[in-house]
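Text of the file protein-v2.cif, holding mmCIF, C-alpha atoms and all ligand atoms:
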```
data_work
#
loop_
_atom_site.label_atom_id
_atom_site.label_comp_id
_atom_site.auth_asym_id
_atom_site.auth_seq_id
_atom_site.Cartn_x
_atom_site.Cartn_y
_atom_site.Cartn_z
CA MET A 1 0.00 0.00 0.00
CA THR A 2 1.16 3.52 -0.72
CA LYS A 3 2.15 5.23 2.50
CA VAL A 4 1.21 8.79 3.33
CA LEU A 5 2.75 10.46 6.38
CA VAL A 6 0.10 12.48 8.20
CA THR A 7 1.55 14.95 10.69
CA GLY A 8 -1.01 15.81 13.32
CA GLY A 9 -2.66 12.47 12.54
CA ALA A 10 -3.99 12.20 16.11
CA GLY A 11 -5.72 15.57 15.87
CA TYR A 12 -9.16 16.61 14.73
CA ILE A 13 -8.58 17.13 11.01
CA GLY A 14 -5.58 14.78 10.78
CA SER A 15 -7.55 11.82 12.16
CA HIS A 16 -10.33 12.42 9.63
CA ALA A 17 -7.68 12.63 6.89
CA CYS A 18 -6.26 9.27 8.00
CA LYS A 19 -9.72 7.73 7.75
CA ALA A 20 -10.28 9.19 4.25
CA LEU A 21 -6.83 8.05 3.10
CA ALA A 22 -7.41 4.50 4.37
CA ALA A 23 -10.79 4.43 2.61
CA ALA A 24 -9.05 5.49 -0.61
CA GLY A 25 -6.53 2.63 -0.34
CA TYR A 26 -3.53 4.43 1.19
CA GLU A 27 -1.73 3.55 4.41
CA PRO A 28 -1.77 6.65 6.63
CA VAL A 29 1.15 6.86 9.08
CA ALA A 30 0.14 9.26 11.83
CA PHE A 31 2.90 11.40 13.35
CA ASP A 32 1.88 13.40 16.40
CA ASN A 33 3.34 14.70 19.67
CA LEU A 34 -0.05 14.26 21.41
CA SER A 35 0.11 17.82 22.75
CA THR A 36 -3.37 18.50 21.44
CA GLY A 37 -4.07 15.18 19.69
CA TRP A 38 -5.28 11.88 21.12
CA ARG A 39 -3.79 8.40 20.83
CA ASP A 40 -7.37 7.04 20.67
CA ALA A 41 -7.92 9.01 17.46
CA VAL A 42 -5.26 7.00 15.61
CA GLN A 43 -7.38 4.15 14.26
CA PHE A 44 -6.52 3.81 10.60
CA GLY A 45 -2.79 3.03 10.37
CA PRO A 46 0.49 3.02 12.29
CA PHE A 47 1.37 5.66 14.87
CA GLU A 48 4.71 7.41 15.32
CA GLU A 49 4.96 9.63 18.38
CA GLY A 50 7.29 12.57 17.89
CA ASP A 51 7.63 16.32 17.75
CA LEU A 52 8.33 18.29 14.57
CA ARG A 53 10.50 20.69 16.54
CA ASP A 54 12.90 17.76 16.96
CA ALA A 55 14.54 17.59 13.51
CA GLU A 56 16.10 14.18 14.13
CA SER A 57 12.84 12.61 15.23
CA ILE A 58 10.92 13.61 12.11
CA SER A 59 13.84 12.84 9.82
CA GLU A 60 14.04 9.31 11.22
CA VAL A 61 10.30 8.71 10.73
CA VAL A 62 10.41 9.98 7.13
CA ARG A 63 13.46 7.79 6.43
CA LYS A 64 11.83 4.74 8.01
CA HIS A 65 8.52 4.94 6.13
CA SER A 66 9.66 6.59 2.90
CA PRO A 67 6.13 7.87 2.21
CA ALA A 68 4.89 8.76 -1.27
CA ALA A 69 3.48 11.99 0.13
CA ILE A 70 3.23 14.03 3.31
CA MET A 71 0.04 15.65 4.54
CA HIS A 72 1.05 18.28 7.05
CA PHE A 73 -1.62 19.15 9.60
CA ALA A 74 0.41 19.36 12.82
CA SER A 75 0.29 22.90 14.10
CA LEU A 76 -1.19 25.19 16.68
CA ALA A 77 -4.34 26.81 15.31
CA GLU A 78 -5.89 29.21 17.79
CA VAL A 79 -6.09 32.85 16.83
CA GLY A 80 -6.39 34.15 20.41
CA GLN A 81 -3.50 32.03 21.71
CA SER A 82 -1.34 33.14 18.78
CA MET A 83 -1.80 36.78 19.80
CA GLU A 84 -0.93 35.97 23.42
CA ASP A 85 2.16 33.96 22.57
CA PRO A 86 3.40 34.62 19.02
CA ALA A 87 6.77 33.00 19.68
CA LEU A 88 5.01 29.70 20.37
CA TYR A 89 3.38 29.91 16.92
CA TRP A 90 6.56 30.77 15.05
CA HIS A 91 8.45 28.07 16.89
CA THR A 92 5.86 25.30 16.54
CA ASN A 93 4.32 26.07 13.15
CA VAL A 94 7.26 27.55 11.28
CA LEU A 95 10.27 25.76 12.76
CA GLY A 96 8.32 22.50 12.87
CA SER A 97 7.43 22.84 9.20
CA LEU A 98 11.00 23.70 8.29
CA ASN A 99 12.23 20.51 9.95
CA LEU A 100 9.56 18.51 8.15
CA LEU A 101 10.34 20.03 4.76
CA GLN A 102 14.03 19.42 5.26
CA ALA A 103 13.32 15.79 6.12
CA ALA A 104 11.09 15.50 3.02
CA VAL A 105 13.89 16.86 0.84
CA ASP A 106 16.60 14.76 2.50
CA HIS A 107 14.62 11.56 1.96
CA GLY A 108 13.16 12.41 -1.45
CA VAL A 109 9.44 12.65 -0.67
CA PRO A 110 7.94 13.88 -3.96
CA LYS A 111 4.58 15.30 -2.87
CA PHE A 112 3.49 17.59 -0.07
CA ILE A 113 0.01 18.69 1.03
CA PHE A 114 -0.18 21.60 3.42
CA SER A 115 -2.96 22.66 5.74
CA SER A 116 -3.13 26.44 5.56
CA THR A 117 -5.83 28.90 6.49
CA CYS A 118 -8.03 31.77 5.36
CA ALA A 119 -6.42 33.65 8.27
CA THR A 120 -3.52 34.26 5.88
CA TYR A 121 -5.77 36.74 4.01
CA GLY A 122 -6.55 39.05 6.92
CA ASP A 123 -9.21 41.77 6.78
CA HIS A 124 -10.35 42.98 3.38
CA ASP A 125 -12.99 45.42 2.28
CA ARG A 126 -14.76 42.70 0.34
CA VAL A 127 -16.36 39.65 1.92
CA LEU A 128 -15.54 36.97 -0.65
CA LEU A 129 -11.91 35.92 -0.77
CA ASP A 130 -10.37 33.88 -3.56
CA GLU A 131 -6.88 32.43 -3.85
CA ASN A 132 -5.53 35.60 -5.49
CA THR A 133 -6.64 37.83 -2.62
CA PRO A 134 -3.55 39.55 -1.17
CA GLN A 135 -2.39 37.78 1.97
CA ARG A 136 -2.10 40.21 4.87
CA PRO A 137 -2.60 38.21 8.05
CA ILE A 138 -3.60 40.17 11.16
CA ASN A 139 -2.73 37.45 13.68
CA ALA A 140 0.35 35.37 14.42
CA TYR A 141 -1.44 32.16 13.50
CA GLY A 142 -2.12 33.40 9.95
CA ALA A 143 1.38 34.85 9.70
CA SER A 144 2.95 31.53 10.69
CA LYS A 145 0.92 29.65 8.05
CA LEU A 146 1.78 32.21 5.37
CA ALA A 147 5.47 31.79 6.21
CA VAL A 148 5.14 28.05 5.59
CA GLU A 149 3.34 28.65 2.29
CA GLN A 150 6.30 30.75 1.20
CA MET A 151 8.75 28.17 2.50
CA LEU A 152 7.03 25.52 0.39
CA ALA A 153 7.32 27.63 -2.75
CA ASN A 154 11.03 28.22 -2.06
CA PHE A 155 11.82 24.56 -1.35
CA SER A 156 9.75 23.26 -4.23
CA GLY A 157 11.48 25.70 -6.61
CA ARG A 158 14.86 24.45 -5.48
CA PHE A 159 14.18 20.73 -5.01
CA GLY A 160 11.40 20.06 -7.51
CA PHE A 161 8.71 18.34 -5.42
CA SER A 162 5.07 19.27 -6.05
CA TYR A 163 2.61 20.51 -3.46
CA THR A 164 -0.93 21.62 -2.83
CA ILE A 165 -1.85 24.22 -0.26
CA PHE A 166 -5.37 24.15 1.17
CA ARG A 167 -6.58 27.33 2.82
CA TYR A 168 -9.34 26.27 5.16
CA PHE A 169 -12.21 28.38 6.23
CA ASN A 170 -13.87 27.20 9.50
CA VAL A 171 -13.83 23.44 9.91
CA ALA A 172 -16.70 21.83 11.83
CA GLY A 173 -18.68 18.62 12.24
CA ALA A 174 -17.45 15.08 12.78
CA ASP A 175 -17.25 11.79 10.94
CA ALA A 176 -20.70 10.25 10.53
CA SER A 177 -19.61 7.01 12.27
CA GLY A 178 -19.10 8.79 15.61
CA GLU A 179 -15.64 7.09 15.84
CA ILE A 180 -13.68 10.32 15.60
CA GLY A 181 -14.47 13.99 16.12
CA GLU A 182 -13.34 17.32 17.49
CA PHE A 183 -11.97 17.08 21.02
CA HIS A 184 -9.92 19.98 22.29
CA ASP A 185 -8.91 20.50 25.88
CA PRO A 186 -9.53 23.32 26.52
CA GLU A 187 -12.11 23.86 23.76
CA THR A 188 -12.01 27.29 22.12
CA HIS A 189 -14.09 26.84 18.95
CA LEU A 190 -17.51 28.27 18.46
CA ILE A 191 -19.63 25.28 17.44
CA PRO A 192 -18.51 22.85 20.18
CA LEU A 193 -18.75 25.61 22.79
CA ALA A 194 -22.25 26.56 21.62
CA ILE A 195 -23.34 22.90 21.74
CA ASP A 196 -21.94 22.60 25.27
CA ALA A 197 -23.81 25.73 26.35
CA ALA A 198 -27.07 24.58 24.76
CA THR A 199 -26.83 21.14 26.36
CA GLY A 200 -25.92 22.42 29.82
CA ARG A 201 -22.31 21.26 29.82
CA ARG A 202 -21.17 24.87 30.09
CA PRO A 203 -23.07 27.67 31.75
CA THR A 204 -22.87 30.09 28.83
CA LEU A 205 -21.24 31.02 25.55
CA THR A 206 -19.50 34.37 25.22
CA ILE A 207 -20.01 36.11 21.88
CA PHE A 208 -16.77 37.88 21.04
CA GLY A 209 -17.90 41.27 19.77
CA ARG A 210 -21.17 42.68 18.43
CA ASP A 211 -19.69 45.78 16.84
CA TYR A 212 -18.22 44.31 13.66
CA PRO A 213 -19.21 45.78 10.27
CA THR A 214 -21.42 42.75 9.50
CA PRO A 215 -25.22 42.52 9.17
CA ASP A 216 -25.81 41.63 12.84
CA GLY A 217 -22.50 42.94 14.22
CA THR A 218 -21.03 39.50 14.98
CA CYS A 219 -18.18 37.92 13.00
CA VAL A 220 -19.03 36.06 9.81
CA ARG A 221 -17.32 32.79 8.94
CA ASP A 222 -17.64 30.13 6.23
CA TYR A 223 -18.07 26.70 7.84
CA VAL A 224 -16.98 23.53 6.05
CA HIS A 225 -17.60 19.93 7.14
CA VAL A 226 -14.44 18.12 8.20
CA SER A 227 -15.38 15.08 6.07
CA ASP A 228 -15.73 17.26 2.97
CA LEU A 229 -12.47 18.99 3.85
CA VAL A 230 -10.44 15.79 4.03
CA ASP A 231 -11.99 14.49 0.81
CA ALA A 232 -10.41 17.52 -0.87
CA HIS A 233 -7.03 16.45 0.51
CA VAL A 234 -7.33 12.98 -1.00
CA ALA A 235 -8.40 14.59 -4.29
CA GLY A 236 -5.40 16.95 -3.99
CA LEU A 237 -3.08 13.98 -3.53
CA GLU A 238 -4.54 12.23 -6.59
CA TYR A 239 -4.18 15.49 -8.51
CA LEU A 240 -0.45 15.57 -7.72
CA GLU A 241 -0.05 11.86 -8.42
CA ALA A 242 -1.51 12.48 -11.89
CA GLY A 243 1.45 14.80 -12.55
CA ASN A 244 -0.37 18.11 -12.18
CA PRO A 245 1.53 21.19 -11.03
CA SER A 246 1.56 22.66 -7.54
CA ASN A 247 -1.58 24.60 -6.72
CA VAL A 248 -3.45 26.46 -3.98
CA PHE A 249 -7.10 25.87 -3.11
CA ASN A 250 -9.52 27.58 -0.77
CA LEU A 251 -11.76 25.14 1.05
CA GLY A 252 -15.02 26.83 1.97
CA THR A 253 -18.60 26.85 0.75
CA GLY A 254 -18.96 30.48 -0.33
CA HIS A 255 -21.67 31.04 2.30
CA GLY A 256 -21.02 33.07 5.43
CA PHE A 257 -22.78 32.68 8.78
CA SER A 258 -22.52 35.07 11.69
CA VAL A 259 -21.75 33.95 15.23
CA GLN A 260 -25.34 34.80 16.12
CA GLN A 261 -26.66 32.66 13.25
CA VAL A 262 -24.52 29.73 14.46
CA VAL A 263 -25.91 30.17 17.96
CA ASP A 264 -29.44 30.14 16.53
CA VAL A 265 -28.83 26.98 14.48
CA VAL A 266 -27.42 25.23 17.56
CA ALA A 267 -30.52 26.26 19.52
CA ASN A 268 -32.71 24.92 16.75
CA GLU A 269 -30.88 21.59 16.45
CA THR A 270 -30.64 20.97 20.20
CA GLY A 271 -34.14 22.22 20.89
CA ASN A 272 -32.70 24.34 23.69
CA ASN A 273 -31.87 27.97 24.01
CA THR A 274 -28.14 28.58 23.76
CA PRO A 275 -27.30 30.71 26.83
CA ALA A 276 -25.05 33.43 25.45
CA LYS A 277 -23.66 36.69 26.73
CA ASP A 278 -21.85 39.47 24.91
CA GLY A 279 -18.16 39.94 25.47
CA PRO A 280 -15.40 42.06 23.95
CA ARG A 281 -13.80 41.31 20.61
CA ARG A 282 -11.13 38.61 20.59
CA ALA A 283 -7.75 39.97 19.51
CA GLY A 284 -6.80 38.98 15.96
CA ASP A 285 -10.33 38.21 14.70
CA CYS A 286 -11.26 39.35 11.19
CA ALA A 287 -14.80 40.66 10.69
CA ALA A 288 -15.71 38.30 7.84
CA LEU A 289 -13.98 35.42 6.09
CA VAL A 290 -15.89 33.71 3.29
CA SER A 291 -14.44 31.77 0.38
CA GLY A 292 -15.10 33.29 -3.02
CA SER A 293 -13.49 30.55 -5.02
CA ALA A 294 -14.74 27.71 -7.19
CA ARG A 295 -11.24 26.42 -7.92
CA ALA A 296 -11.38 23.28 -5.76
CA GLY A 297 -14.63 22.35 -7.51
CA GLU A 298 -13.35 23.06 -10.98
CA VAL A 299 -9.90 21.50 -10.66
CA LEU A 300 -10.43 18.73 -8.10
CA GLY A 301 -14.12 18.01 -8.66
CA TRP A 302 -14.70 18.84 -5.00
CA SER A 303 -18.18 19.52 -3.79
CA PRO A 304 -18.79 20.20 -0.09
CA ASP A 305 -22.11 18.37 0.04
CA ARG A 306 -22.12 17.77 3.81
CA SER A 307 -21.27 21.36 4.65
CA THR A 308 -24.64 22.76 5.65
CA LEU A 309 -24.68 24.34 9.08
CA PRO A 310 -27.49 22.10 10.48
CA GLN A 311 -25.66 18.98 9.24
CA MET A 312 -22.36 20.07 10.77
CA VAL A 313 -24.04 20.91 14.07
CA ARG A 314 -25.89 17.57 14.10
CA ASP A 315 -22.72 15.58 13.38
CA ALA A 316 -20.83 17.52 16.04
CA MET A 317 -23.68 16.92 18.51
CA ARG A 318 -23.62 13.17 17.87
CA TRP A 319 -19.91 13.08 18.57
CA HIS A 320 -20.22 15.30 21.65
CA ALA A 321 -22.92 13.06 23.06
CA GLY A 322 -20.43 10.14 23.01
CA LYS A 323 -17.59 9.70 25.41
CA GLY A 324 -14.86 11.42 23.35
CA TYR A 325 -11.27 10.26 23.85
CA SER A 326 -9.75 9.20 27.14
CA GLY A 327 -6.13 9.33 26.01
N1 LIG A 401 -16.32 32.91 18.88
C1 LIG A 401 -17.14 33.45 19.85
N2 LIG A 401 -17.11 32.87 21.10
C2 LIG A 401 -16.35 31.80 21.40
C3 LIG A 401 -15.55 31.23 20.40
C4 LIG A 401 -15.54 31.81 19.14
O1 LIG A 401 -17.82 34.44 19.63
O2 LIG A 401 -16.37 31.34 22.56
C5 LIG A 401 -16.30 33.51 17.54
C6 LIG A 401 -14.94 33.98 17.11
O3 LIG A 401 -14.71 35.31 17.53
C7 LIG A 401 -15.03 33.86 15.59
C8 LIG A 401 -15.99 32.69 15.39
O4 LIG A 401 -16.68 32.52 16.62
O5 LIG A 401 -15.61 35.02 15.05
C9 LIG A 401 -15.29 31.40 15.05
O6 LIG A 401 -14.25 31.22 16.00
P1 LIG A 401 -13.48 29.85 16.15
O7 LIG A 401 -12.54 30.01 17.31
O8 LIG A 401 -14.47 28.73 16.19
O9 LIG A 401 -12.68 29.71 14.77
P2 LIG A 401 -11.63 30.70 14.07
O10 LIG A 401 -12.46 31.64 13.23
O11 LIG A 401 -10.84 31.37 15.12
O12 LIG A 401 -10.81 29.78 13.24
#
```
Starting from the file, lay out its structure as structure tokens.
Ligand code: UDP
Amino acid sequence: MTKVLVTGGAGYIGSHACKALAAAGYEPVAFDNLSTGWRDAVQFGPFEEGDLRDAESISEVVRKHSPAAIMHFASLAEVGQSMEDPALYWHTNVLGSLNLLQAAVDHGVPKFIFSSTCATYGDHDRVLLDENTPQRPINAYGASKLAVEQMLANFSGRFGFSYTIFRYFNVAGADASGEIGEFHDPETHLIPLAIDAATGRRPTLTIFGRDYPTPDGTCVRDYVHVSDLVDAHVAGLEYLEAGNPSNVFNLGTGHGFSVQQVVDVVANETGNNTPAKDGPRRAGDCAALVSGSARAGEVLGWSPDRSTLPQMVRDAMRWHAGKGYSG
């Protein structure tokens, strides 16, 4: 079986990618330091515990498995935390990626798939963002991902491997089986927090800012189902395997929902009010981030069919009602 190294394979998106890769006939090798991931989430192939900041550790794993491709998810991904501790983001996301890229070059891995973010675009005076939108991140998380995008272009130009970059909008939902899902400790993301508030597991949700230049004053985001998102990664791998050139794809639906609209959908799906209070803006948040691109559909044949807000909330609720991971 063709091996694919999946960094962050014990995390939320990485574990779903491993499942999708296994279903498509690949052997996913999960590499994770378990700082935010879970050993229980590694269910679809071998596990290698290690930290990307340790160059020797990742080099040894790449040498040992000699994968046909690397999917690189391992990173820190919280806007607020990145503003509190930017050094942590540059160290983990940028240095970690540099070590991984160097290992890929040293051991001749020909294909690379990188998990980037719409946070690389920053605030713009238009709502819809396509792949040609100038990248002007306003938080350290987005800046760290942009640095890795540029690193990939530099390395690929010099060493000749091909890559795809996926710029995610807001990832939500969980695998339909209930085997894997989103499990952060502490949780910081809107949909799981809103579900917890609506189901009484948290007293209340704080809405970060009602004074944004959006229709209801709360931030607007484009939510995409994690299962749709990882399907795009498998399609991106097949695209590279077919000999196509490096490319960049937004992964979003083109539809924006405000924080208040998300809260309302969660209330509707749970049948409970979502207790919510207003709080100040969170540092580093853009007012609106919505994908204005059809490229992933046109080039990869991707269609985010599961990415309706009620479906994502329902799938997340099913997962949250289970026991999660214990280790
Ligand atoms: N948000 C909120 N309260 C929370 C968590 C998030 O109002 O407790 C808002 C946040 O300001 C952003 C949106 O919900 O506008 C999505 O945030 P999340 O952290 O889920 O994803 P991000 O956009 O940071 O990737």
task = Grab me every residue within 7 Å of ligand LIG 401 (chain A), counting all atoms listed in the file, and send it over as a PyMOL selection string.
result = chain A and resi 78-79+170+188-191+193+205-209+219-221+259+281-282+285
Hey, can you spit out that residue selection with C-alpha atoms as a PDB file, in the frame of the given file?
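Once written, again-v9.pdb looks like this:
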```pdb
ATOM      1  CA  GLU A  78      -5.890  29.210  17.790  1.00  0.00           C
ATOM      2  CA  VAL A  79      -6.090  32.850  16.830  1.00  0.00           C
ATOM      3  CA  ASN A 170     -13.870  27.200   9.500  1.00  0.00           C
ATOM      4  CA  THR A 188     -12.010  27.290  22.120  1.00  0.00           C
ATOM      5  CA  HIS A 189     -14.090  26.840  18.950  1.00  0.00           C
ATOM      6  CA  LEU A 190     -17.510  28.270  18.460  1.00  0.00           C
ATOM      7  CA  ILE A 191     -19.630  25.280  17.440  1.00  0.00           C
ATOM      8  CA  LEU A 193     -18.750  25.610  22.790  1.00  0.00           C
ATOM      9  CA  LEU A 205     -21.240  31.020  25.550  1.00  0.00           C
ATOM     10  CA  THR A 206     -19.500  34.370  25.220  1.00  0.00           C
ATOM     11  CA  ILE A 207     -20.010  36.110  21.880  1.00  0.00           C
ATOM     12  CA  PHE A 208     -16.770  37.880  21.040  1.00  0.00           C
ATOM     13  CA  GLY A 209     -17.900  41.270  19.770  1.00  0.00           C
ATOM     14  CA  CYS A 219     -18.180  37.920  13.000  1.00  0.00           C
ATOM     15  CA  VAL A 220     -19.030  36.060   9.810  1.00  0.00           C
ATOM     16  CA  ARG A 221     -17.320  32.790   8.940  1.00  0.00           C
ATOM     17  CA  VAL A 259     -21.750  33.950  15.230  1.00  0.00           C
ATOM     18  CA  ARG A 281     -13.800  41.310  20.610  1.00  0.00           C
ATOM     19  CA  ARG A 282     -11.130  38.610  20.590  1.00  0.00           C
ATOM     20  CA  ASP A 285     -10.330  38.210  14.700  1.00  0.00           C
TER      21      ASP A 285
END
```
request  = Please provide the set of residues having any atom within 10 Å of segment 236-241 of chain A, restricted to all atoms listed in the file, with same-chain residues fewer than 2 positions apart removed, written as a PyMOL selection string.
outcome  = chain A and resi 4+21+68-71+110-113+161-166+230-234+243-249+296+299-302
key: For Gly9 of chain A, the nearest of the candidates A:Gly292, A:Gly157, A:Gly45, A:Gly142, counting all atoms listed in the file   = A:Gly45
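Our summary of the geometry notes that atom CA of Gly80 of chain A is positioned 26.1 Å from atom CA of Thr308 of chain A.
Among A:Asn250, A:Ser82, A:Ser35, A:Asn139, the residue with the shortest atom-to-atom distance to Phe114 of chain A, counting all atoms listed in the file, is A:Asn250.
Nearest residue to Lys3 of chain A, choosing from A:His65, A:His225, A:Arg126, A:His72 and counting all atoms listed in the file: A:His65.
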Render segment 89-98 of chain A from the structure in the preceding block as a file of all heavy atoms, as a PDB file, in the first residue's frame.
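out_30.pdb written:
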```pdb
ATOM      1  N   TYR A  89       3.888  30.212  18.266  1.00  0.00           N
ATOM      2  CA  TYR A  89       3.381  29.906  16.921  1.00  0.00           C
ATOM      3  C   TYR A  89       4.500  29.862  15.895  1.00  0.00           C
ATOM      4  O   TYR A  89       4.527  28.982  15.031  1.00  0.00           O
ATOM      5  CB  TYR A  89       2.266  30.906  16.537  1.00  0.00           C
ATOM      6  CG  TYR A  89       0.962  30.380  17.087  1.00  0.00           C
ATOM      7  CD1 TYR A  89       0.770  30.305  18.462  1.00  0.00           C
ATOM      8  CD2 TYR A  89      -0.018  29.854  16.256  1.00  0.00           C
ATOM      9  CE1 TYR A  89      -0.376  29.755  18.993  1.00  0.00           C
ATOM     10  CE2 TYR A  89      -1.180  29.305  16.781  1.00  0.00           C
ATOM     11  CZ  TYR A  89      -1.342  29.252  18.146  1.00  0.00           C
ATOM     12  OH  TYR A  89      -2.472  28.675  18.665  1.00  0.00           O
ATOM     13  N   TRP A  90       5.445  30.789  16.001  1.00  0.00           N
ATOM     14  CA  TRP A  90       6.560  30.766  15.050  1.00  0.00           C
ATOM     15  C   TRP A  90       7.425  29.541  15.303  1.00  0.00           C
ATOM     16  O   TRP A  90       7.892  28.885  14.368  1.00  0.00           O
ATOM     17  CB  TRP A  90       7.364  32.075  15.137  1.00  0.00           C
ATOM     18  CG  TRP A  90       6.622  33.147  14.406  1.00  0.00           C
ATOM     19  CD1 TRP A  90       5.629  33.931  14.908  1.00  0.00           C
ATOM     20  CD2 TRP A  90       6.742  33.484  13.021  1.00  0.00           C
ATOM     21  NE1 TRP A  90       5.127  34.744  13.911  1.00  0.00           N
ATOM     22  CE2 TRP A  90       5.794  34.497  12.747  1.00  0.00           C
ATOM     23  CE3 TRP A  90       7.551  33.036  11.981  1.00  0.00           C
ATOM     24  CZ2 TRP A  90       5.641  35.069  11.484  1.00  0.00           C
ATOM     25  CZ3 TRP A  90       7.409  33.616  10.727  1.00  0.00           C
ATOM     26  CH2 TRP A  90       6.458  34.614  10.477  1.00  0.00           C
ATOM     27  N   HIS A  91       7.593  29.210  16.559  1.00  0.00           N
ATOM     28  CA  HIS A  91       8.446  28.069  16.886  1.00  0.00           C
ATOM     29  C   HIS A  91       7.789  26.771  16.428  1.00  0.00           C
ATOM     30  O   HIS A  91       8.386  25.963  15.720  1.00  0.00           O
ATOM     31  CB  HIS A  91       8.675  28.071  18.404  1.00  0.00           C
ATOM     32  CG  HIS A  91       9.897  27.339  18.818  1.00  0.00           C
ATOM     33  ND1 HIS A  91       9.905  26.387  19.781  1.00  0.00           N
ATOM     34  CD2 HIS A  91      11.168  27.417  18.378  1.00  0.00           C
ATOM     35  CE1 HIS A  91      11.120  25.895  19.921  1.00  0.00           C
ATOM     36  NE2 HIS A  91      11.907  26.504  19.084  1.00  0.00           N
ATOM     37  N   THR A  92       6.527  26.581  16.812  1.00  0.00           N
ATOM     38  CA  THR A  92       5.858  25.302  16.535  1.00  0.00           C
ATOM     39  C   THR A  92       5.509  25.185  15.048  1.00  0.00           C
ATOM     40  O   THR A  92       5.829  24.182  14.404  1.00  0.00           O
ATOM     41  CB  THR A  92       4.560  25.204  17.372  1.00  0.00           C
ATOM     42  OG1 THR A  92       4.881  25.458  18.728  1.00  0.00           O
ATOM     43  CG2 THR A  92       3.917  23.839  17.230  1.00  0.00           C
ATOM     44  N   ASN A  93       4.847  26.202  14.520  1.00  0.00           N
ATOM     45  CA  ASN A  93       4.324  26.069  13.152  1.00  0.00           C
ATOM     46  C   ASN A  93       5.398  26.281  12.094  1.00  0.00           C
ATOM     47  O   ASN A  93       5.402  25.591  11.073  1.00  0.00           O
ATOM     48  CB  ASN A  93       3.182  27.068  12.930  1.00  0.00           C
ATOM     49  CG  ASN A  93       1.965  26.757  13.790  1.00  0.00           C
ATOM     50  OD1 ASN A  93       1.967  25.795  14.553  1.00  0.00           O
ATOM     51  ND2 ASN A  93       0.927  27.559  13.682  1.00  0.00           N
ATOM     52  N   VAL A  94       6.286  27.229  12.332  1.00  0.00           N
ATOM     53  CA  VAL A  94       7.263  27.549  11.282  1.00  0.00           C
ATOM     54  C   VAL A  94       8.506  26.664  11.419  1.00  0.00           C
ATOM     55  O   VAL A  94       8.904  26.006  10.450  1.00  0.00           O
ATOM     56  CB  VAL A  94       7.611  29.051  11.295  1.00  0.00           C
ATOM     57  CG1 VAL A  94       8.605  29.379  10.193  1.00  0.00           C
ATOM     58  CG2 VAL A  94       6.339  29.880  11.113  1.00  0.00           C
ATOM     59  N   LEU A  95       9.093  26.624  12.595  1.00  0.00           N
ATOM     60  CA  LEU A  95      10.274  25.763  12.756  1.00  0.00           C
ATOM     61  C   LEU A  95       9.903  24.296  12.539  1.00  0.00           C
ATOM     62  O   LEU A  95      10.635  23.544  11.882  1.00  0.00           O
ATOM     63  CB  LEU A  95      10.898  25.962  14.141  1.00  0.00           C
ATOM     64  CG  LEU A  95      12.117  25.083  14.407  1.00  0.00           C
ATOM     65  CD1 LEU A  95      13.257  25.424  13.459  1.00  0.00           C
ATOM     66  CD2 LEU A  95      12.584  25.226  15.854  1.00  0.00           C
ATOM     67  N   GLY A  96       8.753  23.885  13.075  1.00  0.00           N
ATOM     68  CA  GLY A  96       8.316  22.501  12.874  1.00  0.00           C
ATOM     69  C   GLY A  96       8.179  22.172  11.401  1.00  0.00           C
ATOM     70  O   GLY A  96       8.606  21.103  10.929  1.00  0.00           O
ATOM     71  N   SER A  97       7.608  23.090  10.638  1.00  0.00           N
ATOM     72  CA  SER A  97       7.426  22.839   9.199  1.00  0.00           C
ATOM     73  C   SER A  97       8.765  22.834   8.471  1.00  0.00           C
ATOM     74  O   SER A  97       8.961  22.070   7.518  1.00  0.00           O
ATOM     75  CB  SER A  97       6.512  23.910   8.589  1.00  0.00           C
ATOM     76  OG  SER A  97       5.234  23.841   9.184  1.00  0.00           O
ATOM     77  N   LEU A  98       9.674  23.683   8.919  1.00  0.00           N
ATOM     78  CA  LEU A  98      11.004  23.703   8.292  1.00  0.00           C
ATOM     79  C   LEU A  98      11.696  22.353   8.484  1.00  0.00           C
ATOM     80  O   LEU A  98      12.269  21.785   7.541  1.00  0.00           O
ATOM     81  CB  LEU A  98      11.841  24.841   8.904  1.00  0.00           C
ATOM     82  CG  LEU A  98      13.279  24.975   8.429  1.00  0.00           C
ATOM     83  CD1 LEU A  98      13.350  25.195   6.929  1.00  0.00           C
ATOM     84  CD2 LEU A  98      13.964  26.137   9.157  1.00  0.00           C
TER      85      LEU A  98
END
```
